[in-house]
$ cat query-v3.cif   # mmCIF, C-alpha atoms and all ligand atoms
data_run
#
loop_
_atom_site.label_atom_id
_atom_site.label_comp_id
_atom_site.auth_asym_id
_atom_site.auth_seq_id
_atom_site.Cartn_x
_atom_site.Cartn_y
_atom_site.Cartn_z
CA MET N 330 38.37 -4.50 5.88
CA ALA N 331 34.58 -4.48 6.29
CA GLU N 332 33.02 -5.24 9.68
CA THR N 333 31.00 -8.33 8.72
CA VAL N 334 29.36 -8.92 12.10
CA LEU N 335 25.64 -8.20 11.90
CA ARG N 336 24.20 -6.56 15.01
CA GLU N 337 20.78 -7.74 16.21
CA ASP N 338 18.99 -4.40 15.56
CA THR N 339 20.56 -4.04 12.11
CA PHE N 340 19.54 -7.60 11.30
CA ARG N 341 15.93 -6.83 12.27
CA ARG N 342 15.82 -3.75 10.06
CA LEU N 343 17.39 -5.57 7.12
CA ARG N 344 15.01 -8.45 7.61
CA ASP N 345 12.04 -6.04 7.57
CA ILE N 346 13.20 -4.52 4.29
CA ILE N 347 13.58 -7.99 2.74
CA TYR N 348 10.09 -8.92 3.93
CA GLU N 349 8.44 -5.72 2.72
CA GLU N 350 10.12 -5.87 -0.68
CA SER N 351 9.93 -9.60 -1.45
CA GLY N 352 7.57 -11.33 0.99
CA ILE N 353 10.48 -13.52 2.13
CA PHE N 354 10.27 -13.99 5.88
CA ILE N 355 13.52 -14.56 7.76
CA PRO N 356 13.09 -15.82 11.34
CA ASP N 357 15.40 -14.74 14.20
CA THR N 358 17.19 -18.09 14.00
CA LYS N 359 18.44 -17.33 10.49
CA LYS N 360 20.52 -14.22 11.31
CA TYR N 361 23.70 -16.14 10.50
CA LEU N 362 22.37 -16.81 7.01
CA VAL N 363 21.75 -13.13 6.31
CA GLU N 364 25.22 -12.33 7.60
CA LYS N 365 26.78 -14.99 5.36
CA LYS N 366 24.76 -14.23 2.25
CA LEU N 367 25.01 -10.44 2.45
CA SER N 368 28.58 -9.89 3.66
CA PRO N 369 29.94 -10.08 0.05
CA ARG N 370 27.74 -7.04 -0.71
CA LEU N 371 29.82 -4.96 1.73
CA GLY N 372 32.99 -5.65 -0.24
CA ALA N 373 31.21 -5.13 -3.57
CA ARG N 374 30.01 -1.69 -2.43
CA GLY N 375 33.17 -0.75 -0.49
CA LEU N 376 31.22 -0.40 2.75
CA ALA N 377 32.62 -0.52 6.28
CA GLY N 378 29.81 -2.62 7.74
CA PHE N 379 26.15 -3.64 7.73
CA ASP N 380 25.00 -0.30 9.20
CA GLN N 381 26.28 1.46 6.10
CA TYR N 382 24.66 -1.20 3.96
CA LEU N 383 21.36 -0.56 5.68
CA GLU N 384 21.75 3.16 5.03
CA LEU N 385 22.46 2.52 1.35
CA LEU N 386 19.37 0.34 1.02
CA SER N 387 17.16 2.73 2.92
CA SER N 388 18.12 5.81 0.94
CA GLY N 389 15.11 5.87 -1.40
CA ARG N 390 15.13 2.05 -1.45
CA ASN N 391 18.14 1.94 -3.82
CA ALA N 392 16.61 -0.13 -6.64
CA GLU N 393 19.93 -1.34 -8.05
CA GLU N 394 21.14 -2.64 -4.67
CA LEU N 395 17.74 -4.17 -3.96
CA ASN N 396 18.18 -6.32 -7.09
CA CYS N 397 21.62 -7.43 -5.85
CA LEU N 398 20.09 -8.13 -2.45
CA PHE N 399 17.44 -10.37 -4.06
CA ASP N 400 20.18 -12.17 -6.03
CA SER N 401 22.10 -12.77 -2.80
CA ILE N 402 19.32 -13.68 -0.41
CA THR N 403 17.20 -16.02 -2.55
CA THR N 404 17.67 -19.79 -2.65
CA ASN N 405 17.69 -20.90 -6.25
CA GLU N 406 17.83 -24.69 -5.95
CA THR N 407 16.13 -26.33 -8.95
CA SER N 408 16.68 -28.93 -11.65
CA PHE N 409 15.13 -30.36 -14.80
CA PHE N 410 12.25 -32.77 -14.08
CA ARG N 411 12.10 -31.82 -10.38
CA GLU N 412 8.99 -33.40 -8.85
CA PRO N 413 8.29 -35.27 -12.11
CA GLU N 414 4.70 -36.19 -11.15
CA HIS N 415 3.74 -32.60 -11.85
CA PHE N 416 4.90 -32.80 -15.44
CA ALA N 417 3.10 -36.14 -15.91
CA ALA N 418 -0.10 -34.60 -14.49
CA LEU N 419 0.36 -31.61 -16.78
CA VAL N 420 0.54 -33.59 -20.02
CA GLU N 421 -1.77 -36.47 -19.10
CA HIS N 422 -4.64 -34.62 -17.38
CA VAL N 423 -4.35 -30.85 -17.26
CA LEU N 424 -3.54 -30.08 -20.89
CA PRO N 425 -6.03 -32.60 -22.34
CA ASP N 426 -8.73 -31.00 -20.16
CA LEU N 427 -7.80 -27.50 -21.31
CA LEU N 428 -7.53 -28.46 -24.98
CA GLY N 429 -10.89 -30.24 -24.79
CA ARG N 430 -12.71 -27.04 -23.82
CA SER N 431 -14.79 -25.47 -26.52
CA GLY N 432 -13.44 -22.23 -27.87
CA MET N 433 -9.93 -22.85 -26.45
CA LYS N 434 -7.55 -21.29 -28.96
CA GLY N 435 -4.20 -21.45 -27.18
CA VAL N 436 -2.97 -22.36 -23.71
CA SER N 437 -0.84 -20.06 -21.54
CA PHE N 438 1.62 -21.31 -18.91
CA TRP N 439 3.47 -19.30 -16.27
CA SER N 440 6.39 -20.58 -14.22
CA SER N 441 6.27 -17.87 -11.58
CA ALA N 442 9.46 -18.56 -9.57
CA CYS N 443 11.49 -20.13 -12.34
CA SER N 444 15.00 -19.71 -10.92
CA THR N 445 17.56 -20.62 -13.62
CA GLY N 446 14.94 -21.92 -16.06
CA GLU N 447 14.92 -25.68 -15.55
CA GLU N 448 11.21 -25.69 -14.60
CA PRO N 449 9.77 -23.81 -17.61
CA TYR N 450 12.17 -25.59 -19.97
CA THR N 451 11.00 -28.96 -18.61
CA MET N 452 7.43 -27.81 -19.33
CA ALA N 453 8.49 -26.86 -22.86
CA ILE N 454 10.12 -30.26 -23.47
CA VAL N 455 7.25 -32.41 -22.19
CA LEU N 456 4.60 -30.28 -23.87
CA ARG N 457 6.41 -30.48 -27.20
CA GLU N 458 6.84 -34.24 -26.83
CA LYS N 459 3.27 -35.06 -25.80
CA HIS N 460 1.24 -32.32 -27.50
CA PRO N 461 3.28 -31.15 -30.50
CA ALA N 462 0.30 -29.65 -32.31
CA ALA N 463 -1.01 -27.52 -29.41
CA ARG N 464 -0.68 -23.72 -29.54
CA LEU N 465 1.16 -22.89 -26.34
CA SER N 466 2.73 -19.82 -24.74
CA ILE N 467 5.18 -20.31 -21.89
CA TYR N 468 6.13 -17.38 -19.63
CA ALA N 469 8.65 -17.60 -16.82
CA SER N 470 9.61 -15.12 -14.13
CA ASP N 471 11.68 -14.69 -11.00
CA ILE N 472 12.67 -11.90 -8.63
CA SER N 473 16.39 -12.53 -9.22
CA ASN N 474 17.93 -11.00 -12.35
CA GLN N 475 20.99 -13.20 -12.00
CA THR N 476 18.93 -16.38 -12.25
CA LEU N 477 17.00 -14.96 -15.21
CA GLU N 478 20.25 -14.23 -17.05
CA ALA N 479 21.38 -17.82 -16.45
CA ALA N 480 17.97 -19.08 -17.63
CA ARG N 481 18.26 -17.14 -20.88
CA ARG N 482 21.78 -18.54 -21.48
CA GLY N 483 20.47 -22.12 -21.30
CA LEU N 484 23.75 -23.74 -20.23
CA TYR N 485 23.52 -26.34 -17.48
CA ASN N 486 25.83 -28.51 -15.42
CA SER N 487 25.42 -32.22 -14.76
CA TYR N 488 23.67 -31.58 -11.43
CA SER N 489 20.85 -29.68 -13.17
CA ILE N 490 20.17 -32.35 -15.74
CA ARG N 491 20.67 -35.38 -13.46
CA ASN N 492 16.96 -36.37 -13.47
CA THR N 493 16.40 -35.82 -17.18
CA PRO N 494 15.36 -39.00 -19.01
CA GLY N 495 18.13 -40.18 -21.35
CA CYS N 496 16.01 -39.86 -24.50
CA TYR N 497 15.32 -36.15 -23.80
CA LEU N 498 18.92 -35.54 -22.84
CA ALA N 499 20.08 -36.89 -26.19
CA LYS N 500 17.39 -35.00 -28.12
CA TYR N 501 17.41 -31.58 -26.44
CA PHE N 502 20.94 -31.05 -25.07
CA LYS N 503 24.36 -30.70 -26.66
CA ASN N 504 27.14 -31.79 -24.32
CA GLY N 505 30.19 -29.59 -24.78
CA GLY N 506 32.43 -30.86 -21.97
CA GLN N 507 31.36 -29.66 -18.51
CA LEU N 508 28.13 -28.02 -19.66
CA TYR N 509 24.98 -29.07 -21.46
CA GLU N 510 23.58 -26.58 -23.95
CA LEU N 511 19.81 -26.57 -24.30
CA ASP N 512 18.28 -26.82 -27.78
CA PRO N 513 17.73 -23.25 -29.09
CA GLU N 514 14.14 -23.97 -30.15
CA ILE N 515 13.24 -24.96 -26.59
CA ARG N 516 15.15 -21.94 -25.28
CA ASN N 517 13.29 -19.59 -27.58
CA SER N 518 9.92 -21.06 -26.66
CA VAL N 519 10.04 -19.54 -23.15
CA ARG N 520 9.71 -15.80 -22.45
CA PHE N 521 11.53 -14.71 -19.29
CA MET N 522 10.81 -11.60 -17.24
CA ASN N 523 11.37 -10.18 -13.77
CA ILE N 524 8.20 -10.38 -11.67
CA ASN N 525 8.26 -10.00 -7.91
CA LEU N 526 5.53 -12.16 -6.36
CA ALA N 527 5.23 -9.61 -3.56
CA ASP N 528 4.11 -7.01 -6.11
CA GLY N 529 0.79 -8.11 -7.59
CA ARG N 530 0.71 -5.14 -10.00
CA LYS N 531 2.96 -6.91 -12.50
CA PHE N 532 1.25 -10.31 -12.40
CA LEU N 533 0.38 -11.87 -15.75
CA THR N 534 -3.30 -12.35 -16.56
CA GLY N 535 -5.30 -14.85 -18.61
CA MET N 536 -3.12 -17.79 -17.57
CA ASP N 537 -4.36 -21.39 -17.87
CA VAL N 538 -1.61 -23.03 -15.81
CA ILE N 539 0.65 -21.53 -13.15
CA PHE N 540 3.58 -23.25 -11.50
CA CYS N 541 4.52 -21.59 -8.19
CA ARG N 542 6.66 -24.34 -6.74
CA ASN N 543 9.12 -24.29 -3.85
CA VAL N 544 8.88 -20.58 -3.18
CA LEU N 545 5.85 -20.32 -0.86
CA ILE N 546 8.02 -21.98 1.81
CA TYR N 547 10.01 -18.74 2.09
CA PHE N 548 6.89 -16.65 2.81
CA ASP N 549 4.90 -16.25 6.02
CA ALA N 550 1.12 -16.82 6.13
CA ARG N 551 0.33 -13.19 5.23
CA SER N 552 2.61 -13.11 2.18
CA LYS N 553 1.38 -16.52 1.05
CA ARG N 554 -2.24 -15.38 1.15
CA LYS N 555 -1.43 -12.28 -0.84
CA VAL N 556 0.58 -14.15 -3.47
CA VAL N 557 -1.93 -16.98 -3.86
CA SER N 558 -4.81 -14.55 -4.14
CA GLY N 559 -2.91 -12.72 -6.88
CA LEU N 560 -2.24 -15.99 -8.70
CA TYR N 561 -5.94 -16.84 -8.45
CA ASP N 562 -6.72 -13.61 -10.28
CA SER N 563 -4.05 -14.39 -12.88
CA LEU N 564 -5.74 -17.67 -13.78
CA ARG N 565 -8.70 -18.00 -16.07
CA PRO N 566 -11.67 -19.84 -14.53
CA GLY N 567 -10.90 -23.57 -14.69
CA GLY N 568 -7.15 -22.87 -14.74
CA TYR N 569 -4.67 -24.90 -12.71
CA LEU N 570 -2.12 -24.04 -10.01
CA PHE N 571 0.84 -26.27 -9.11
CA ILE N 572 2.73 -25.70 -5.85
CA GLY N 573 5.72 -27.65 -4.48
CA LYS N 574 5.08 -31.10 -3.03
CA SER N 575 6.22 -29.99 0.42
CA GLU N 576 4.00 -26.89 0.30
CA SER N 577 0.33 -26.55 1.18
CA LEU N 578 -2.59 -24.20 0.66
CA HIS N 579 -4.06 -25.30 3.97
CA ASP N 580 -4.75 -22.11 6.00
CA VAL N 581 -3.97 -20.04 2.92
CA THR N 582 -7.13 -20.26 0.82
CA ARG N 583 -10.15 -22.39 0.07
CA ALA N 584 -10.74 -20.78 -3.28
CA PHE N 585 -9.12 -23.62 -5.24
CA LYS N 586 -10.47 -27.12 -5.76
CA PRO N 587 -7.82 -29.73 -4.85
CA LEU N 588 -7.52 -32.56 -7.39
CA ILE N 589 -5.27 -35.60 -7.39
CA PHE N 590 -3.59 -36.56 -10.65
CA ASN N 591 -0.63 -38.95 -10.92
CA ASN N 592 -0.49 -39.20 -7.14
CA THR N 593 0.05 -35.49 -6.70
CA LEU N 594 -2.12 -32.54 -5.66
CA VAL N 595 -3.07 -29.99 -8.28
CA TYR N 596 -5.31 -27.00 -7.59
CA GLN N 597 -8.03 -25.72 -9.89
CA ARG N 598 -9.64 -22.30 -9.99
CA THR N 599 -13.31 -23.15 -10.15
CA THR N 600 -15.08 -19.86 -10.78
C1 LIG T 1 13.93 -22.88 -4.65
S1 LIG T 1 13.70 -21.96 -6.12
C2 LIG T 1 12.41 -22.88 -6.91
C3 LIG T 1 12.58 -22.97 -8.41
C4 LIG T 1 11.54 -23.82 -9.12
N1 LIG T 1 10.23 -23.26 -8.98
C5 LIG T 1 11.56 -25.24 -8.61
O1 LIG T 1 10.63 -25.66 -7.92
O2 LIG T 1 12.51 -25.96 -8.91
C6 LIG T 1 12.85 -20.51 -5.49
C7 LIG T 1 12.87 -19.35 -6.45
O3 LIG T 1 11.93 -18.38 -5.99
C8 LIG T 1 12.45 -17.09 -6.27
N2 LIG T 1 11.76 -16.09 -5.44
C9 LIG T 1 11.89 -15.86 -4.11
N3 LIG T 1 11.12 -14.82 -3.72
C10 LIG T 1 10.47 -14.41 -4.84
C11 LIG T 1 9.54 -13.37 -5.09
N4 LIG T 1 9.10 -12.55 -4.13
N5 LIG T 1 9.10 -13.20 -6.36
C12 LIG T 1 9.53 -14.02 -7.36
N6 LIG T 1 10.41 -15.01 -7.18
C13 LIG T 1 10.88 -15.20 -5.93
C14 LIG T 1 13.93 -17.23 -5.98
O4 LIG T 1 14.69 -16.23 -6.60
C15 LIG T 1 14.22 -18.64 -6.49
O5 LIG T 1 14.73 -18.62 -7.80
#

$ encode --input "query-v3.cif" --output "structure tokens"
Amino acid sequence: MAETVLREDTFRRLRDIIYEESGIFIPDTKKYLVEKKLSPRLGARGLAGFDQYLELLSSGRNAEELNCLFDSITTNETSFFREPEHFAALVEHVLPDLLGRSGMKGVSFWSSACSTGEEPYTMAIVLREKHPAARLSIYASDISNQTLEAARRGLYNSYSIRNTPGCYLAKYFKNGGQLYELDPEIRNSVRFMNINLADGRKFLTGMDVIFCRNVLIYFDARSKRKVVSGLYDSLRPGGYLFIGKSESLHDVTRAFKPLIFNNTLVYQRTT
């Protein structure tokens, strides 16, 4: 039986590794969460306790276990049409502005913490519905391989699709009992990849729209600044950044121009 009690000093060292590798900041008050989320890793690796786990992670930063750690520690809550004002702003204001620019050949979108795919697939659905003739590329990424695998499968439960308008549900999903299978054309219109927001070296470039929603909340001020500055560089001048409705760029950067569309804040790279 593994010793699943996490000592204070071991917690601190684990927490530091998580922060260095992912930007996710875990305060002292959340030790219980680390204990709960990571104790299954002890069994999976046949380890006697968290000290051994720490050793395993520290030995050359075991890349395989780091991926499992990211799968375990991240919060992947999402759904289709989450914060729907963003999608309305996207099709009613942002895309018309981008398409109206002279010399604009195609528009590139990046869902940069896409979890199990509901966010980029919602983009794909609304963009196809409202701008069927536009030439669009949609990229989606996350730090967790497990969520990316689920995203590529495109099978969702009723909780995930609960906010999807009925007409889109009927048109883009096949209900086979418990699960809803996403239309293969929508599935194939999104390219998924693993990108860690704490590692700016792999960031996409030449993007016109970036969604980075409901992930900045897990970062401290330093990580947020680093990530947002990287996203700024990923955007073309005039490109747009969407963050979660409960998140803010206050104290993070003044480099973006805040705009209000459909009652929601959207940020634009001006230069
Ligand atoms: C709460 S979900 C948000 C999903 C979606 N953006 C939404 O708003 O519905 C947060 C996602 O951020 C991902 N994440 C956390 N840290 C990350 C990092 N350093 N790089 C990339 N993704 C990260 C998690 O794996 C998780 O899937």

$ residues_around --input "query-v3.cif" --residues "segment 447-464 of chain N" --least-positions-apart "2" --cutoff "10 Å" --atoms "only C-alpha atoms" --output "PyMOL selection string"
chain N and resi 407-413+415-417+419-421+424-425+428+433-445+466-470+480+483+485+489-490+493+497+500-501+511-512+514-521+540+542

$ residues_around --input "query-v3.cif" --residues "His579 of chain N" --least-positions-apart "5" --cutoff "12 Å" --atoms "only C-alpha atoms" --output "list of chain:residue names"
N:Ala550, N:Lys553, N:Arg554, N:Val557, N:Ile572, N:Ala584, N:Phe585, N:Lys586, N:Pro587, N:Tyr596

$ atom_distance --input "query-v3.cif" --atom1 "atom CA of Leu498 of chain N" --atom2 "atom CA of Arg482 of chain N"
17.3 Å

$ atom_distance --input "query-v3.cif" --atom1 "atom CA of Lys574 of chain N" --atom2 "atom CA of Ile539 of chain N"
14.6 Å

$ closest_residue --input "query-v3.cif" --among "N:Asn492, N:Thr339, N:Asn474, N:Asn543" --to "Ser387 of chain N" --atoms "all atoms listed in the file"
N:Thr339

$ residues_around --input "query-v3.cif" --residues "Arg551 of chain N" --least-positions-apart "4" --cutoff "12 Å" --atoms "all atoms listed in the file" --output "list in words"
Tyr348, Glu349, Gly352, Ile353, Phe354, Ala527, Leu545, Tyr547, Lys555, Val556, Val557, Ser558, Asp580, Val581 and Thr582 of chain N

$ atom_distance --input "query-v3.cif" --atom1 "atom CA of Thr404 of chain N" --atom2 "atom CA of Lys503 of chain N"
27.2 Å

$ axis_aligned_box --input "query-v3.cif" --around "ligand LIG 1 (chain T)" --padding-each-side "8 Å" --output "lines of an AutoDock Vina configuration file"
center_x = 11.9
center_y = -19.3
center_z = -6.4
size_x = 21.6
size_y = 29.4
size_z = 21.4

$ closest_residue --input "query-v3.cif" --among "N:Arg344, N:His422, N:Lys359, N:Lys365" --to "Val595 of chain N" --atoms "all atoms listed in the file"
N:His422

$ closest_residue --input "query-v3.cif" --among "N:Ser563, N:Thr534, N:Ser473, N:Ser487" --to "ligand LIG 1 (chain T)" --atoms "only C-alpha atoms and all ligand atoms"
N:Ser473

$ residues_around --input "query-v3.cif" --residues "Glu350 of chain N" --least-positions-apart "4" --cutoff "10 Å" --atoms "all atoms listed in the file" --output "list in words"
Arg344, Asp345, Ile346, Arg390, Leu395, Phe399, Asn525, Leu526, Ala527 and Asp528 of chain N

$ residues_around --input "query-v3.cif" --residues "Arg370 of chain N" --least-positions-apart "2" --cutoff "9 Å" --atoms "all atoms listed in the file" --output "PDB file with C-alpha atoms, keeping the file's coordinate frame"
ATOM      1  CA  LYS N 366      24.760 -14.230   2.250  1.00  0.00           C
ATOM      2  CA  LEU N 367      25.010 -10.440   2.450  1.00  0.00           C
ATOM      3  CA  SER N 368      28.580  -9.890   3.660  1.00  0.00           C
ATOM      4  CA  GLY N 372      32.990  -5.650  -0.240  1.00  0.00           C
ATOM      5  CA  ALA N 373      31.210  -5.130  -3.570  1.00  0.00           C
ATOM      6  CA  ARG N 374      30.010  -1.690  -2.430  1.00  0.00           C
ATOM      7  CA  GLY N 375      33.170  -0.750  -0.490  1.00  0.00           C
ATOM      8  CA  LEU N 376      31.220  -0.400   2.750  1.00  0.00           C
ATOM      9  CA  TYR N 382      24.660  -1.200   3.960  1.00  0.00           C
ATOM     10  CA  GLU N 394      21.140  -2.640  -4.670  1.00  0.00           C
ATOM     11  CA  CYS N 397      21.620  -7.430  -5.850  1.00  0.00           C
ATOM     12  CA  LEU N 398      20.090  -8.130  -2.450  1.00  0.00           C
ATOM     13  CA  SER N 401      22.100 -12.770  -2.800  1.00  0.00           C
TER      14      SER N 401
END

$ closest_residue --input "query-v3.cif" --among "N:Ile355, N:Val544, N:Val423, N:Leu570" --to "ligand LIG 1 (chain T)" --atoms "only C-alpha atoms and all ligand atoms"
N:Val544

$ closest_residue --input "query-v3.cif" --among "N:Ala377, N:Leu427, N:Leu386, N:Leu560" --to "ligand LIG 1 (chain T)" --atoms "only C-alpha atoms and all ligand atoms"
N:Leu560

$ closest_residue --input "query-v3.cif" --among "N:Leu508, N:Ala418, N:Ala499, N:Ala479" --to "ligand LIG 1 (chain T)" --atoms "all atoms listed in the file"
N:Ala479

$ build_atoms --input "query-v3.cif" --residues "segment 379-411 of chain N" --atoms "N, CA and C atoms" --output "JSON list (two decimals), in the frame of the given file"
[["chain", "number", "residue", "atom", "x", "y", "z"],
["N", 379, "PHE", "N", 27.57, -3.47, 8.06],
["N", 379, "PHE", "CA", 26.15, -3.64, 7.73],
["N", 379, "PHE", "C", 25.32, -2.38, 8.00],
["N", 380, "ASP", "N", 25.76, -1.53, 8.94],
["N", 380, "ASP", "CA", 25.00, -0.30, 9.20],
["N", 380, "ASP", "C", 25.01, 0.59, 7.96],
["N", 381, "GLN", "N", 26.18, 0.67, 7.33],
["N", 381, "GLN", "CA", 26.28, 1.46, 6.10],
["N", 381, "GLN", "C", 25.44, 0.83, 4.99],
["N", 382, "TYR", "N", 25.44, -0.49, 4.98],
["N", 382, "TYR", "CA", 24.66, -1.20, 3.96],
["N", 382, "TYR", "C", 23.17, -0.88, 4.13],
["N", 383, "LEU", "N", 22.74, -0.88, 5.37],
["N", 383, "LEU", "CA", 21.36, -0.56, 5.68],
["N", 383, "LEU", "C", 21.02, 0.85, 5.21],
["N", 384, "GLU", "N", 21.94, 1.76, 5.46],
["N", 384, "GLU", "CA", 21.75, 3.16, 5.03],
["N", 384, "GLU", "C", 21.60, 3.24, 3.51],
["N", 385, "LEU", "N", 22.49, 2.52, 2.82],
["N", 385, "LEU", "CA", 22.46, 2.52, 1.35],
["N", 385, "LEU", "C", 21.12, 2.01, 0.85],
["N", 386, "LEU", "N", 20.64, 0.92, 1.45],
["N", 386, "LEU", "CA", 19.37, 0.34, 1.02],
["N", 386, "LEU", "C", 18.20, 1.26, 1.33],
["N", 387, "SER", "N", 18.28, 1.91, 2.47],
["N", 387, "SER", "CA", 17.16, 2.73, 2.92],
["N", 387, "SER", "C", 17.05, 4.03, 2.16],
["N", 388, "SER", "N", 18.17, 4.51, 1.61],
["N", 388, "SER", "CA", 18.12, 5.81, 0.94],
["N", 388, "SER", "C", 17.31, 5.67, -0.36],
["N", 389, "GLY", "N", 16.00, 5.95, -0.24],
["N", 389, "GLY", "CA", 15.11, 5.87, -1.40],
["N", 389, "GLY", "C", 15.01, 4.45, -1.93],
["N", 390, "ARG", "N", 15.23, 3.45, -1.05],
["N", 390, "ARG", "CA", 15.13, 2.05, -1.45],
["N", 390, "ARG", "C", 15.91, 1.79, -2.75],
["N", 391, "ASN", "N", 17.19, 2.15, -2.72],
["N", 391, "ASN", "CA", 18.14, 1.94, -3.82],
["N", 391, "ASN", "C", 17.79, 0.70, -4.68],
["N", 392, "ALA", "N", 17.17, 0.97, -5.83],
["N", 392, "ALA", "CA", 16.61, -0.13, -6.64],
["N", 392, "ALA", "C", 17.70, -1.08, -7.14],
["N", 393, "GLU", "N", 18.85, -0.50, -7.51],
["N", 393, "GLU", "CA", 19.93, -1.34, -8.05],
["N", 393, "GLU", "C", 20.44, -2.31, -6.96],
["N", 394, "GLU", "N", 20.64, -1.77, -5.75],
["N", 394, "GLU", "CA", 21.14, -2.64, -4.67],
["N", 394, "GLU", "C", 20.07, -3.64, -4.23],
["N", 395, "LEU", "N", 18.80, -3.23, -4.33],
["N", 395, "LEU", "CA", 17.74, -4.17, -3.96],
["N", 395, "LEU", "C", 17.80, -5.41, -4.86],
["N", 396, "ASN", "N", 18.06, -5.18, -6.17],
["N", 396, "ASN", "CA", 18.18, -6.32, -7.09],
["N", 396, "ASN", "C", 19.34, -7.23, -6.68],
["N", 397, "CYS", "N", 20.46, -6.62, -6.29],
["N", 397, "CYS", "CA", 21.62, -7.43, -5.85],
["N", 397, "CYS", "C", 21.27, -8.17, -4.56],
["N", 398, "LEU", "N", 20.52, -7.50, -3.70],
["N", 398, "LEU", "CA", 20.09, -8.13, -2.45],
["N", 398, "LEU", "C", 19.23, -9.36, -2.75],
["N", 399, "PHE", "N", 18.28, -9.22, -3.70],
["N", 399, "PHE", "CA", 17.44, -10.37, -4.06],
["N", 399, "PHE", "C", 18.30, -11.51, -4.62],
["N", 400, "ASP", "N", 19.29, -11.14, -5.48],
["N", 400, "ASP", "CA", 20.18, -12.17, -6.03],
["N", 400, "ASP", "C", 20.89, -12.92, -4.91],
["N", 401, "SER", "N", 21.30, -12.16, -3.88],
["N", 401, "SER", "CA", 22.10, -12.77, -2.80],
["N", 401, "SER", "C", 21.26, -13.57, -1.82],
["N", 402, "ILE", "N", 20.08, -13.10, -1.53],
["N", 402, "ILE", "CA", 19.32, -13.68, -0.41],
["N", 402, "ILE", "C", 18.46, -14.87, -0.84],
["N", 403, "THR", "N", 18.11, -14.96, -2.12],
["N", 403, "THR", "CA", 17.20, -16.02, -2.55],
["N", 403, "THR", "C", 17.93, -17.37, -2.65],
["N", 404, "THR", "N", 17.16, -18.43, -2.49],
["N", 404, "THR", "CA", 17.67, -19.79, -2.65],
["N", 404, "THR", "C", 17.17, -20.29, -3.99],
["N", 405, "ASN", "N", 18.08, -20.66, -4.86],
["N", 405, "ASN", "CA", 17.69, -20.90, -6.25],
["N", 405, "ASN", "C", 17.75, -22.37, -6.67],
["N", 406, "GLU", "N", 17.77, -23.25, -5.69],
["N", 406, "GLU", "CA", 17.83, -24.69, -5.95],
["N", 406, "GLU", "C", 16.72, -25.13, -6.93],
["N", 407, "THR", "N", 17.10, -25.81, -7.98],
["N", 407, "THR", "CA", 16.13, -26.33, -8.95],
["N", 407, "THR", "C", 16.82, -27.35, -9.83],
["N", 408, "SER", "N", 16.06, -28.02, -10.68],
["N", 408, "SER", "CA", 16.68, -28.93, -11.65],
["N", 408, "SER", "C", 15.62, -29.31, -12.68],
["N", 409, "PHE", "N", 16.06, -29.84, -13.80],
["N", 409, "PHE", "CA", 15.13, -30.36, -14.80],
["N", 409, "PHE", "C", 14.38, -31.55, -14.19],
["N", 410, "PHE", "N", 13.10, -31.66, -14.52],
["N", 410, "PHE", "CA", 12.25, -32.77, -14.08],
["N", 410, "PHE", "C", 12.22, -32.91, -12.56],
["N", 411, "ARG", "N", 12.27, -31.78, -11.84],
["N", 411, "ARG", "CA", 12.10, -31.82, -10.38],
["N", 411, "ARG", "C", 10.63, -32.12, -10.09]]
